[in-house]
$ cat final_1.cif   # mmCIF, C-alpha atoms
data_data
loop_
_atom_site.label_atom_id
_atom_site.label_comp_id
_atom_site.auth_asym_id
_atom_site.auth_seq_id
_atom_site.Cartn_x
_atom_site.Cartn_y
_atom_site.Cartn_z
CA MET A 47 -9.07 65.47 -60.20
CA THR A 48 -9.26 69.22 -60.30
CA GLU A 49 -6.81 71.35 -58.43
CA LEU A 50 -7.51 71.79 -54.71
CA ARG A 51 -8.10 75.29 -53.43
CA ASP A 52 -7.20 76.94 -50.18
CA VAL A 53 -10.15 78.63 -48.59
CA SER A 54 -9.91 80.93 -45.58
CA LEU A 55 -13.02 81.42 -43.50
CA THR A 56 -13.77 83.08 -40.19
CA VAL A 57 -16.13 80.55 -38.66
CA ASN A 58 -17.94 81.69 -35.52
CA GLY A 59 -15.16 84.21 -34.94
CA THR A 60 -12.25 81.79 -35.44
CA ALA A 61 -9.99 81.86 -38.50
CA ARG A 62 -10.10 78.50 -40.28
CA ARG A 63 -8.32 77.31 -43.38
CA VAL A 64 -9.37 74.36 -45.51
CA ARG A 65 -8.13 72.80 -48.72
CA VAL A 66 -11.06 71.70 -50.85
CA GLU A 67 -12.09 70.73 -54.33
CA PRO A 68 -13.78 73.66 -56.07
CA ARG A 69 -16.99 71.64 -56.18
CA ARG A 70 -17.10 71.27 -52.39
CA LEU A 71 -20.37 72.68 -51.09
CA LEU A 72 -20.09 75.03 -48.13
CA VAL A 73 -22.40 72.81 -46.07
CA HIS A 74 -20.16 69.77 -46.67
CA CYS A 75 -17.09 71.86 -45.87
CA LEU A 76 -18.64 72.88 -42.55
CA ARG A 77 -19.80 69.40 -41.66
CA TYR A 78 -16.99 67.20 -42.92
CA ASP A 79 -13.91 69.42 -43.15
CA LEU A 80 -14.58 71.48 -40.03
CA GLY A 81 -16.65 69.00 -38.02
CA LEU A 82 -19.50 71.44 -37.48
CA THR A 83 -22.41 69.08 -37.91
CA GLY A 84 -25.00 71.42 -36.44
CA THR A 85 -25.75 72.70 -39.94
CA HIS A 86 -28.07 70.17 -41.52
CA VAL A 87 -28.63 69.01 -45.05
CA GLY A 88 -32.37 68.67 -45.51
CA CYS A 89 -33.67 68.76 -49.05
CA ASP A 90 -30.31 69.44 -50.70
CA THR A 91 -32.19 71.39 -53.38
CA ALA A 92 -32.13 74.85 -51.77
CA ASP A 93 -35.79 74.64 -50.81
CA CYS A 94 -35.92 73.77 -47.11
CA GLY A 95 -33.46 76.03 -45.30
CA ALA A 96 -32.16 73.45 -42.80
CA CYS A 97 -28.66 74.41 -43.99
CA VAL A 98 -29.03 78.16 -43.42
CA VAL A 99 -25.90 79.84 -42.08
CA LEU A 100 -24.91 83.49 -42.02
CA LEU A 101 -22.39 84.62 -44.59
CA ASP A 102 -21.07 88.05 -43.64
CA GLY A 103 -24.25 88.45 -41.60
CA ARG A 104 -26.68 87.43 -44.33
CA ALA A 105 -28.73 84.23 -44.15
CA VAL A 106 -27.80 81.93 -47.03
CA LYS A 107 -28.46 78.31 -47.93
CA SER A 108 -25.12 76.61 -47.50
CA CYS A 109 -26.11 73.64 -49.66
CA ASN A 110 -26.43 76.04 -52.57
CA LEU A 111 -23.03 77.65 -52.29
CA LEU A 112 -19.51 76.47 -53.01
CA ALA A 113 -16.96 76.69 -50.22
CA VAL A 114 -14.64 78.56 -52.61
CA GLN A 115 -17.30 81.25 -53.01
CA ALA A 116 -17.11 81.90 -49.27
CA ASP A 117 -13.34 82.45 -49.33
CA GLY A 118 -12.50 85.40 -47.10
CA ALA A 119 -15.99 85.59 -45.59
CA ALA A 120 -17.28 85.33 -42.04
CA VAL A 121 -19.53 82.31 -41.53
CA SER A 122 -21.82 81.95 -38.52
CA THR A 123 -23.32 78.57 -37.71
CA VAL A 124 -25.62 77.34 -34.99
CA GLU A 125 -22.59 76.24 -32.94
CA GLY A 126 -21.67 79.91 -32.54
CA LEU A 127 -24.96 81.10 -31.08
CA ALA A 128 -24.36 80.19 -27.43
CA HIS A 129 -21.52 81.86 -25.56
CA ASP A 130 -19.82 80.46 -22.46
CA GLY A 131 -22.68 78.05 -21.89
CA GLU A 132 -25.18 80.90 -22.07
CA LEU A 133 -27.84 80.28 -24.70
CA HIS A 134 -28.52 82.95 -27.30
CA PRO A 135 -31.90 84.64 -26.69
CA ILE A 136 -33.34 82.99 -29.78
CA GLN A 137 -32.30 79.57 -28.45
CA ARG A 138 -33.91 80.33 -25.10
CA ALA A 139 -37.04 81.48 -26.84
CA PHE A 140 -37.20 78.26 -28.89
CA CYS A 141 -36.90 76.22 -25.67
CA GLU A 142 -39.44 78.23 -23.72
CA LYS A 143 -42.00 78.36 -26.53
CA HIS A 144 -41.55 74.70 -27.54
CA ALA A 145 -40.53 75.67 -31.06
CA VAL A 146 -38.66 72.39 -31.51
CA GLN A 147 -40.35 69.15 -32.48
CA CYS A 148 -38.07 66.70 -34.29
CA GLY A 149 -35.38 69.38 -34.36
CA PHE A 150 -34.13 68.80 -37.86
CA CYS A 151 -35.01 72.24 -39.20
CA THR A 152 -34.02 73.98 -35.96
CA PRO A 153 -30.44 75.03 -36.81
CA GLY A 154 -31.61 76.74 -39.99
CA MET A 155 -34.58 78.31 -38.21
CA LEU A 156 -32.32 79.65 -35.45
CA MET A 157 -29.84 81.15 -37.87
CA LEU A 158 -32.59 82.67 -40.00
CA ALA A 159 -34.22 84.09 -36.88
CA SER A 160 -30.96 85.48 -35.53
CA ALA A 161 -30.36 87.32 -38.82
CA LEU A 162 -33.91 88.64 -38.77
CA LEU A 163 -33.60 89.91 -35.20
CA GLN A 164 -30.29 91.54 -36.02
CA ARG A 165 -31.91 93.52 -38.80
CA SER A 166 -35.30 94.03 -37.19
CA PRO A 167 -35.12 93.59 -33.38
CA HIS A 168 -38.90 93.51 -32.80
CA PRO A 169 -40.46 91.85 -35.83
CA ASP A 170 -44.23 91.52 -36.03
CA GLU A 171 -45.93 88.31 -37.03
CA ALA A 172 -46.27 89.19 -40.70
CA GLU A 173 -42.60 90.07 -40.94
CA ILE A 174 -41.62 86.82 -39.26
CA ARG A 175 -43.79 84.75 -41.57
CA ARG A 176 -42.36 86.53 -44.61
CA ALA A 177 -38.82 85.88 -43.41
CA LEU A 178 -39.60 82.20 -42.81
CA TYR A 179 -40.87 81.61 -46.33
CA GLY A 180 -37.74 79.72 -47.39
CA ASN A 181 -37.46 77.56 -44.25
CA LEU A 182 -39.55 74.42 -44.01
CA CYS A 183 -40.48 72.50 -40.87
CA ARG A 184 -41.41 68.94 -41.72
CA CYS A 185 -43.30 68.65 -38.42
CA THR A 186 -45.30 71.72 -39.53
CA GLY A 187 -44.51 73.31 -36.17
CA TYR A 188 -44.61 76.81 -37.56
CA GLU A 189 -46.95 78.38 -35.00
CA HIS A 190 -44.55 77.82 -32.13
CA ILE A 191 -41.57 78.88 -34.25
CA VAL A 192 -43.29 82.16 -35.09
CA ASP A 193 -44.23 82.62 -31.42
CA ALA A 194 -40.65 81.98 -30.33
CA ILE A 195 -39.17 84.50 -32.74
CA ARG A 196 -41.69 87.14 -31.68
CA TYR A 197 -40.99 86.33 -28.04
CA ALA A 198 -37.22 86.64 -28.59
CA GLY A 199 -37.89 90.10 -30.04
CA GLU A 200 -39.77 91.05 -26.89
CA LEU A 201 -37.09 89.91 -24.48
CA PRO A 202 -35.38 92.77 -22.59
CA VAL A 203 -32.93 94.63 -24.79
CA GLU A 204 -29.78 93.56 -22.92
CA THR A 205 -30.56 89.91 -23.60
CA GLY A 206 -33.10 90.19 -26.39
CA THR A 207 -30.89 91.67 -29.04
CA ALA A 208 -29.31 89.13 -31.32
CA ARG A 209 -25.55 89.18 -31.18
CA MET B 242 -25.87 65.80 -54.29
CA ILE B 243 -22.37 66.62 -55.34
CA PRO B 244 -21.61 68.68 -58.43
CA PRO B 245 -19.43 67.15 -61.15
CA GLU B 246 -15.77 68.15 -61.19
CA PHE B 247 -14.88 71.42 -62.83
CA ASP B 248 -11.96 73.78 -63.00
CA TYR B 249 -12.45 76.99 -61.15
CA GLU B 250 -11.25 80.47 -62.00
CA ARG B 251 -11.80 83.59 -60.00
CA PRO B 252 -10.65 86.50 -62.16
CA SER B 253 -9.66 89.72 -60.45
CA SER B 254 -10.83 92.13 -63.14
CA VAL B 255 -13.79 92.43 -65.46
CA GLU B 256 -11.38 92.34 -68.40
CA ALA B 257 -9.90 89.05 -67.22
CA ALA B 258 -13.37 87.60 -66.66
CA VAL B 259 -14.50 88.58 -70.14
CA ALA B 260 -11.29 87.19 -71.66
CA ALA B 261 -11.73 83.87 -69.81
CA VAL B 262 -15.36 83.48 -70.82
CA ALA B 263 -14.57 84.45 -74.40
CA SER B 264 -11.80 81.87 -74.66
CA TYR B 265 -13.66 78.96 -73.02
CA GLY B 266 -16.97 79.65 -74.75
CA ALA B 267 -19.50 76.87 -74.24
CA ASP B 268 -17.09 74.96 -71.97
CA ALA B 269 -17.51 77.58 -69.25
CA ARG B 270 -20.30 78.96 -67.12
CA VAL B 271 -20.26 82.28 -65.31
CA LEU B 272 -20.84 81.98 -61.57
CA ALA B 273 -22.22 85.03 -59.75
CA GLY B 274 -24.69 84.26 -56.95
CA GLY B 275 -25.06 80.70 -58.16
CA GLN B 276 -28.63 80.28 -56.95
CA SER B 277 -29.75 78.86 -60.29
CA LEU B 278 -26.41 77.45 -61.38
CA LEU B 279 -25.68 75.37 -58.26
CA PRO B 280 -28.94 73.38 -58.41
CA LEU B 281 -28.23 72.60 -62.07
CA LEU B 282 -24.71 71.46 -61.24
CA LYS B 283 -25.90 69.37 -58.30
CA ALA B 284 -28.56 67.72 -60.42
CA ARG B 285 -25.83 67.20 -63.03
CA ALA B 286 -28.09 68.77 -65.60
CA ILE B 287 -25.00 70.62 -66.80
CA ALA B 288 -21.30 69.76 -66.56
CA PRO B 289 -19.18 72.75 -67.59
CA LYS B 290 -15.43 72.22 -67.75
CA VAL B 291 -14.79 75.55 -66.08
CA LEU B 292 -16.64 77.86 -63.74
CA VAL B 293 -15.61 81.49 -64.05
CA ASP B 294 -16.53 83.00 -60.68
CA ILE B 295 -17.05 86.75 -60.98
CA GLY B 296 -17.81 86.95 -57.25
CA GLY B 297 -14.63 88.86 -56.48
CA LEU B 298 -15.34 91.76 -58.81
CA ASP B 299 -16.61 94.33 -56.32
CA GLU B 300 -17.11 96.93 -59.04
CA LEU B 301 -20.02 94.77 -60.28
CA ARG B 302 -21.69 94.81 -56.89
CA ARG B 303 -22.87 98.39 -57.04
CA ILE B 304 -26.34 99.80 -57.54
CA GLU B 305 -25.83 103.35 -58.76
CA ARG B 306 -28.26 106.06 -59.55
CA ASP B 307 -27.33 108.78 -61.99
CA GLY B 308 -30.24 111.13 -62.60
CA ASP B 309 -33.13 108.99 -63.82
CA SER B 310 -30.91 106.08 -64.67
CA VAL B 311 -30.14 103.23 -62.27
CA THR B 312 -27.33 100.82 -63.02
CA ILE B 313 -27.39 97.45 -61.30
CA GLY B 314 -24.16 95.46 -61.38
CA ALA B 315 -24.09 91.75 -62.13
CA LEU B 316 -23.27 90.91 -58.51
CA ALA B 317 -25.99 92.99 -56.85
CA THR B 318 -28.27 90.55 -55.09
CA GLN B 319 -32.03 90.62 -55.38
CA ALA B 320 -32.17 91.52 -51.69
CA GLU B 321 -29.85 94.48 -52.29
CA VAL B 322 -31.98 95.65 -55.21
CA LEU B 323 -35.12 95.50 -53.06
CA GLU B 324 -33.34 97.31 -50.20
CA SER B 325 -31.72 99.96 -52.41
CA ALA B 326 -32.93 103.53 -52.27
CA ALA B 327 -32.91 103.66 -56.07
CA ILE B 328 -35.25 100.70 -56.65
CA GLY B 329 -36.72 99.58 -53.32
CA GLY B 330 -37.05 103.16 -52.09
CA ARG B 331 -38.61 104.32 -55.33
CA PHE B 332 -41.05 101.40 -55.43
CA PRO B 333 -41.92 100.79 -51.77
CA ARG B 334 -44.75 98.45 -52.66
CA LEU B 335 -42.28 96.19 -54.40
CA ARG B 336 -40.17 96.10 -51.26
CA ALA B 337 -43.22 95.55 -49.07
CA GLY B 338 -44.47 92.91 -51.46
CA ALA B 339 -41.18 91.08 -51.43
CA PRO B 340 -42.78 87.77 -50.39
CA LEU B 341 -44.10 87.69 -53.89
CA LEU B 342 -40.60 87.36 -55.28
CA GLY B 343 -38.92 84.03 -54.61
CA ASP B 344 -37.67 83.21 -51.12
CA PRO B 345 -35.82 85.71 -48.92
CA VAL B 346 -32.80 83.53 -48.23
CA ILE B 347 -32.29 82.80 -51.92
CA ARG B 348 -32.65 86.53 -52.62
CA ASN B 349 -29.76 87.18 -50.23
CA ARG B 350 -27.47 85.35 -52.64
CA GLY B 351 -29.22 85.30 -56.00
CA THR B 352 -28.45 88.25 -58.23
CA PHE B 353 -30.93 90.38 -60.13
CA VAL B 354 -28.89 90.09 -63.33
CA GLY B 355 -28.57 86.33 -62.89
CA ALA B 356 -32.34 85.98 -62.63
CA LEU B 357 -32.70 87.73 -65.98
CA ALA B 358 -29.89 85.70 -67.56
CA PHE B 359 -31.35 82.40 -66.37
CA ALA B 360 -34.57 83.26 -68.25
CA ASP B 361 -36.81 80.93 -66.33
CA PRO B 362 -40.14 81.13 -68.16
CA ALA B 363 -41.90 81.90 -64.87
CA ALA B 364 -39.30 84.25 -63.38
CA ASP B 365 -40.77 87.20 -61.49
CA TRP B 366 -37.93 89.58 -62.26
CA THR B 367 -38.21 89.25 -66.03
CA ALA B 368 -41.74 90.67 -66.00
CA LEU B 369 -40.61 93.53 -63.75
CA ALA B 370 -37.59 94.17 -65.97
CA LEU B 371 -39.87 94.36 -69.00
CA VAL B 372 -42.09 97.09 -67.56
CA LEU B 373 -39.02 98.95 -66.28
CA ASP B 374 -37.52 98.76 -69.77
CA ALA B 375 -34.30 97.20 -68.49
CA ARG B 376 -31.29 97.18 -70.78
CA LEU B 377 -28.51 94.68 -70.40
CA ARG B 378 -24.91 95.65 -70.99
CA VAL B 379 -23.11 92.69 -72.51
CA ARG B 380 -19.41 92.33 -73.11
CA GLY B 381 -17.41 89.99 -75.31
CA ALA B 382 -13.69 89.88 -76.04
CA THR B 383 -13.85 92.46 -78.81
CA HIS B 384 -17.26 94.05 -78.49
CA ASP B 385 -19.86 95.34 -76.14
CA ARG B 386 -23.54 95.78 -76.77
CA THR B 387 -26.66 96.96 -75.02
CA VAL B 388 -29.77 94.86 -75.45
CA PRO B 389 -33.29 95.62 -74.22
CA ILE B 390 -34.74 92.84 -72.07
CA GLY B 391 -37.57 92.31 -74.58
CA GLU B 392 -35.03 91.39 -77.23
CA PHE B 393 -32.77 89.53 -74.83
CA LEU B 394 -35.32 86.89 -73.83
CA LEU B 395 -35.83 84.38 -76.61
CA GLY B 396 -37.63 81.50 -74.91
CA ALA B 397 -37.51 79.14 -71.95
CA PHE B 398 -33.99 79.40 -70.49
CA THR B 399 -32.85 80.87 -73.80
CA THR B 400 -31.47 84.34 -74.43
CA THR B 401 -29.34 86.15 -76.99
CA LEU B 402 -26.34 85.92 -74.64
CA ALA B 403 -23.55 84.07 -76.44
CA PRO B 404 -21.44 81.57 -74.45
CA THR B 405 -18.51 83.93 -75.08
CA GLU B 406 -20.23 86.92 -73.49
CA VAL B 407 -20.71 88.30 -69.97
CA ILE B 408 -23.47 90.59 -68.71
CA THR B 409 -21.82 93.27 -66.60
CA HIS B 410 -24.75 95.54 -65.72
CA VAL B 411 -28.41 96.21 -66.25
CA THR B 412 -29.64 99.76 -66.63
CA ILE B 413 -33.13 100.92 -65.80
CA LEU B 414 -34.53 104.32 -66.69
CA LEU B 415 -36.68 105.39 -63.77
CA PRO B 416 -40.20 106.35 -64.84
CA ALA B 417 -41.94 109.65 -64.06
CA GLY B 418 -42.12 110.57 -60.39
CA ASN B 419 -45.61 109.43 -59.59
CA SER B 420 -45.64 106.22 -61.61
CA THR B 421 -46.58 103.17 -59.63
CA LEU B 422 -45.34 99.63 -60.02
CA ALA B 423 -47.39 96.59 -59.10
CA TYR B 424 -46.78 92.88 -59.39
CA TRP B 425 -49.31 90.16 -58.84
CA LYS B 426 -48.78 86.46 -59.22
CA VAL B 427 -50.35 83.10 -58.52
CA ARG B 428 -48.11 80.39 -57.16
CA HIS B 429 -48.38 76.69 -57.63
CA PRO B 430 -49.72 75.59 -54.23
CA GLY B 431 -47.30 72.70 -53.89
CA SER B 432 -43.95 74.01 -55.09
CA GLY B 433 -44.58 77.69 -54.45
CA MET B 434 -43.20 78.41 -57.91
CA THR B 435 -44.86 81.10 -59.96
CA LEU B 436 -47.52 79.85 -62.34
CA VAL B 437 -48.36 83.21 -63.87
CA GLY B 438 -47.44 86.72 -62.83
CA ALA B 439 -48.23 90.19 -64.15
CA ALA B 440 -46.23 93.38 -63.72
CA VAL B 441 -47.74 96.82 -64.30
CA LEU B 442 -46.05 100.19 -64.43
CA LEU B 443 -48.69 102.87 -64.41
CA ASP B 444 -47.95 106.46 -65.31
CA ARG B 445 -49.97 108.54 -62.87
CA GLU B 446 -49.04 111.85 -64.49
CA GLY B 447 -52.14 114.06 -64.42
CA ASP B 448 -53.88 111.63 -62.14
CA SER B 449 -57.40 111.47 -63.57
CA GLY B 450 -55.45 109.02 -65.59
CA ASP B 451 -54.83 108.68 -69.27
CA GLY B 452 -54.11 105.02 -68.63
CA ALA B 453 -50.58 105.09 -69.99
CA CYS B 454 -49.03 101.91 -68.70
CA ARG B 455 -46.72 99.05 -69.42
CA VAL B 456 -47.90 95.53 -68.74
CA ALA B 457 -45.88 92.31 -68.81
CA ILE B 458 -46.76 88.71 -68.11
CA THR B 459 -44.51 85.89 -67.00
CA GLY B 460 -45.22 82.19 -66.66
CA ALA B 461 -47.99 82.02 -69.23
CA GLY B 462 -45.69 81.15 -72.10
CA PRO B 463 -42.07 80.23 -72.78
CA ARG B 464 -40.83 83.73 -71.96
CA ALA B 465 -42.03 86.85 -70.22
CA VAL B 466 -43.54 89.36 -72.66
CA ARG B 467 -45.11 92.81 -72.79
CA VAL B 468 -48.82 92.62 -73.43
CA THR B 469 -49.44 95.48 -75.81
CA ALA B 470 -53.08 94.49 -76.28
CA VAL B 471 -53.78 95.55 -72.69
CA GLU B 472 -51.62 98.66 -72.95
CA ASP B 473 -53.46 99.72 -76.13
CA ALA B 474 -56.86 99.06 -74.59
CA LEU B 475 -56.11 101.43 -71.74
CA ARG B 476 -54.42 104.22 -73.65
CA GLY B 477 -56.46 107.40 -73.25
CA GLU B 478 -58.96 105.63 -71.00
CA ARG B 479 -59.95 106.66 -67.54
CA LEU B 480 -58.83 103.87 -65.27
CA SER B 481 -62.21 102.85 -63.96
CA PRO B 482 -62.76 99.33 -62.65
CA GLU B 483 -64.73 98.68 -65.84
CA ALA B 484 -61.87 99.87 -68.05
CA ILE B 485 -59.46 97.68 -66.13
CA GLU B 486 -61.79 94.70 -66.43
CA HIS B 487 -62.19 95.28 -70.15
CA ALA B 488 -58.45 95.70 -70.74
CA ALA B 489 -57.53 92.69 -68.61
CA ASP B 490 -59.77 90.54 -70.78
CA ARG B 491 -57.19 91.03 -73.49
CA ALA B 492 -54.28 89.87 -71.33
CA ALA B 493 -53.85 86.63 -73.23
CA ASP B 494 -54.20 88.20 -76.70
CA GLY B 495 -51.30 87.09 -78.84
CA LEU B 496 -49.70 85.08 -76.05
CA GLU B 497 -48.09 81.77 -76.76
CA LEU B 498 -49.49 79.69 -73.90
CA LEU B 499 -47.72 76.83 -72.18
CA SER B 500 -49.51 73.71 -71.06
CA ASP B 501 -47.90 71.26 -68.67
CA GLU B 502 -48.61 69.04 -65.68
CA PHE B 503 -48.93 72.09 -63.45
CA ALA B 504 -51.47 74.08 -65.43
CA SER B 505 -53.31 73.76 -68.72
CA SER B 506 -53.05 76.54 -71.27
CA ALA B 507 -56.72 77.37 -70.62
CA TYR B 508 -55.98 77.83 -66.92
CA ARG B 509 -52.89 79.91 -67.64
CA GLU B 510 -55.01 82.10 -69.88
CA ARG B 511 -57.45 82.70 -67.04
CA LEU B 512 -54.61 83.36 -64.63
CA ALA B 513 -53.08 85.87 -67.04
CA ARG B 514 -56.32 87.86 -67.09
CA ALA B 515 -56.75 87.66 -63.33
CA CYS B 516 -53.17 88.68 -62.59
CA VAL B 517 -53.30 91.63 -64.99
CA ARG B 518 -56.61 92.79 -63.52
CA ARG B 519 -55.27 92.62 -59.99
CA ALA B 520 -51.93 94.22 -60.80
CA LEU B 521 -53.69 97.08 -62.62
CA SER B 522 -56.09 97.59 -59.72
CA GLU B 523 -53.22 97.60 -57.28
CA ALA B 524 -51.18 100.05 -59.36
CA ARG B 525 -54.21 102.32 -59.56
CA ALA B 526 -54.90 102.15 -55.85
CA ALA B 527 -51.26 102.81 -54.93
#
$ encode --input "final_1.cif" --output "structure tokens"
Amino acid sequence: MTELRDVSLTVNGTARRVRVEPRRLLVHCLRYDLGLTGTHVGCDTADCGACVVLLDGRAVKSCNLLAVQADGAAVSTVEGLAHDGELHPIQRAFCEKHAVQCGFCTPGMLMLASALLQRSPHPDEAEIRRALYGNLCRCTGYEHIVDAIRYAGELPVETGTAR
Amino acid sequence: MIPPEFDYERPSSVEAAVAAVASYGADARVLAGGQSLLPLLKARAIAPKVLVDIGGLDELRRIERDGDSVTIGALATQAEVLESAAIGGRFPRLRAGAPLLGDPVIRNRGTFVGALAFADPAADWTALALVLDARLRVRGATHDRTVPIGEFLLGAFTTTLAPTEVITHVTILLPAGNSTLAYWKVRHPGSGMTLVGAAVLLDREGDSGDGACRVAITGAGPRAVRVTAVEDALRGERLSPEAIEHAADRAADGLELLSDEFASSAYRERLARACVRRALSEARAA
């Protein structure tokens, strides 16, 4: 067996340290080593985006990344969106606009959307659809997902801006 | 899917990275963004003994403009290239047309240099690199060399890069101020992968147009190539729709065409003409 590596991550604002094989995928590290099972493994081939997390603020597919590559980085997962029981605006928008069907793709969609809103607080439909290109919904519920992201962008600034 | 076991090194200098790669040779793979390498590892299509992760070498992350020359480090992501003032700012249509290039989340991680090094026969970036006359700076233990992208690409997933070498940068010489860049591609409707794509860099100097352009096609054959037949057909011509039509008819001249379960060579030939025609029209309209 290859030598284990220490990896330091700031996960949802908390410093975490894990000892992993170099081949450990970030998504498996989050789910199995850190118990954060909100991040899903969908296709496992970097196509579907169910595993999207933010790495230093950028949306990445955590099934296509080694945990050791994230050493020293800040990782944001779906578990970190709500604060003190208060849903993140994008979560509220997904609820209100019924953007969830089976829910499997939802964590990746939420993280993708939160990164988009951070960069572009009021995205138009074309921008949203472009951003969603790498995230698949197996229920094909895209219309409501697009609506929800646009709606989140229209929420009042104090609550509508992604954290 | 879990990658096979490998040893992992994360050198802290370019020199150390080059030395490691030079000593391991074919036993090692260089890891930058990993967006092509990780899927191969997970599918166990490859099983290197060692991964040399250059991800910590911040000096390779930069996109720097010096006069007309832009240097893109091996760690600069495709997203950063598209967002950069030097490339994305200079070619706003490329930035606006970003949906044409892969998927945005992959581009957040995948590097520009890695996309060239992977040499996927249907890569979008290889065609763009060809019309931008990209030059790769390659280092080995005792040498360094600069190789134009047209000489670097040998075939499907095959380049002149030796297993003992590392690409550190790619340099692009920015074209004249009012040149326009266009890229047009047709995706496979199921996978979304590029079937055929065409890149055009049109020199708009003296606008009425002497038709000086560079044209490259990806996806039609085993590697992306410049299509000199189209470039020659347009040289000295006014860029009328008829001239574009006529020149685009030659898009498949001299091409080695692939045929597979996704598209026959006859279909790829038609796509090559259509993509060149559309990319030329777009570059002209820009």
$ residues_near_point --input "final_1.cif" --point "(-35.6, 76.6, -41.4)" --cutoff "8 Å" --atoms "all atoms listed in the file" --output "PyMOL selection string"
chain A and resi 94-98+151-156+158+178+180-183
$ interface_residues --input "final_1.cif" --of "chain A" --to "chain B" --cutoff "6 Å" --atoms "all atoms listed in the file" --output "list in words"
Thr48, Arg69, Ala105, Val106, Asn110, Arg176, Tyr179 and Gly180 of chain A
$ resolve_selection --input "final_1.cif" --expression "the PyMOL selection byres ((chain A and resi 128) around 12)" --output "short mmCIF file (atom, residue, chain, number, x, y, z; two decimals) with C-alpha atoms, keeping the file's coordinate frame"
data_model
loop_
_atom_site.label_atom_id
_atom_site.label_comp_id
_atom_site.auth_asym_id
_atom_site.auth_seq_id
_atom_site.Cartn_x
_atom_site.Cartn_y
_atom_site.Cartn_z
CA ASN A 58 -17.94 81.69 -35.52
CA SER A 122 -21.82 81.95 -38.52
CA THR A 123 -23.32 78.57 -37.71
CA VAL A 124 -25.62 77.34 -34.99
CA GLU A 125 -22.59 76.24 -32.94
CA GLY A 126 -21.67 79.91 -32.54
CA LEU A 127 -24.96 81.10 -31.08
CA HIS A 129 -21.52 81.86 -25.56
CA ASP A 130 -19.82 80.46 -22.46
CA GLY A 131 -22.68 78.05 -21.89
CA GLU A 132 -25.18 80.90 -22.07
CA LEU A 133 -27.84 80.28 -24.70
CA HIS A 134 -28.52 82.95 -27.30
CA PRO A 135 -31.90 84.64 -26.69
CA ILE A 136 -33.34 82.99 -29.78
CA GLN A 137 -32.30 79.57 -28.45
CA ARG A 138 -33.91 80.33 -25.10
CA LEU A 156 -32.32 79.65 -35.45
CA MET A 157 -29.84 81.15 -37.87
CA SER A 160 -30.96 85.48 -35.53
CA ALA A 208 -29.31 89.13 -31.32
CA ARG A 209 -25.55 89.18 -31.18
#
$ atom_distance --input "final_1.cif" --atom1 "atom CA of Thr412 of chain B" --atom2 "atom CA of Val388 of chain B"
10.1 Å
$ resolve_selection --input "final_1.cif" --expression "the PyMOL selection byres ((chain B and resi 259) around 12)" --output "PDB file with C-alpha atoms, in the frame of the given file"
ATOM      1  CA  GLU B 250     -11.250  80.470 -62.000  1.00  0.00           C
ATOM      2  CA  ARG B 251     -11.800  83.590 -60.000  1.00  0.00           C
ATOM      3  CA  PRO B 252     -10.650  86.500 -62.160  1.00  0.00           C
ATOM      4  CA  SER B 253      -9.660  89.720 -60.450  1.00  0.00           C
ATOM      5  CA  SER B 254     -10.830  92.130 -63.140  1.00  0.00           C
ATOM      6  CA  VAL B 255     -13.790  92.430 -65.460  1.00  0.00           C
ATOM      7  CA  GLU B 256     -11.380  92.340 -68.400  1.00  0.00           C
ATOM      8  CA  ALA B 257      -9.900  89.050 -67.220  1.00  0.00           C
ATOM      9  CA  ALA B 258     -13.370  87.600 -66.660  1.00  0.00           C
ATOM     10  CA  ALA B 260     -11.290  87.190 -71.660  1.00  0.00           C
ATOM     11  CA  ALA B 261     -11.730  83.870 -69.810  1.00  0.00           C
ATOM     12  CA  VAL B 262     -15.360  83.480 -70.820  1.00  0.00           C
ATOM     13  CA  ALA B 263     -14.570  84.450 -74.400  1.00  0.00           C
ATOM     14  CA  SER B 264     -11.800  81.870 -74.660  1.00  0.00           C
ATOM     15  CA  TYR B 265     -13.660  78.960 -73.020  1.00  0.00           C
ATOM     16  CA  GLY B 266     -16.970  79.650 -74.750  1.00  0.00           C
ATOM     17  CA  ALA B 269     -17.510  77.580 -69.250  1.00  0.00           C
ATOM     18  CA  ARG B 270     -20.300  78.960 -67.120  1.00  0.00           C
ATOM     19  CA  VAL B 271     -20.260  82.280 -65.310  1.00  0.00           C
ATOM     20  CA  VAL B 293     -15.610  81.490 -64.050  1.00  0.00           C
ATOM     21  CA  ASP B 294     -16.530  83.000 -60.680  1.00  0.00           C
ATOM     22  CA  ILE B 295     -17.050  86.750 -60.980  1.00  0.00           C
ATOM     23  CA  LEU B 298     -15.340  91.760 -58.810  1.00  0.00           C
ATOM     24  CA  VAL B 379     -23.110  92.690 -72.510  1.00  0.00           C
ATOM     25  CA  ARG B 380     -19.410  92.330 -73.110  1.00  0.00           C
ATOM     26  CA  GLY B 381     -17.410  89.990 -75.310  1.00  0.00           C
ATOM     27  CA  ALA B 382     -13.690  89.880 -76.040  1.00  0.00           C
ATOM     28  CA  THR B 383     -13.850  92.460 -78.810  1.00  0.00           C
ATOM     29  CA  HIS B 384     -17.260  94.050 -78.490  1.00  0.00           C
ATOM     30  CA  ASP B 385     -19.860  95.340 -76.140  1.00  0.00           C
ATOM     31  CA  ALA B 403     -23.550  84.070 -76.440  1.00  0.00           C
ATOM     32  CA  PRO B 404     -21.440  81.570 -74.450  1.00  0.00           C
ATOM     33  CA  THR B 405     -18.510  83.930 -75.080  1.00  0.00           C
ATOM     34  CA  GLU B 406     -20.230  86.920 -73.490  1.00  0.00           C
ATOM     35  CA  VAL B 407     -20.710  88.300 -69.970  1.00  0.00           C
ATOM     36  CA  ILE B 408     -23.470  90.590 -68.710  1.00  0.00           C
ATOM     37  CA  THR B 409     -21.820  93.270 -66.600  1.00  0.00           C
TER      38      THR B 409
END
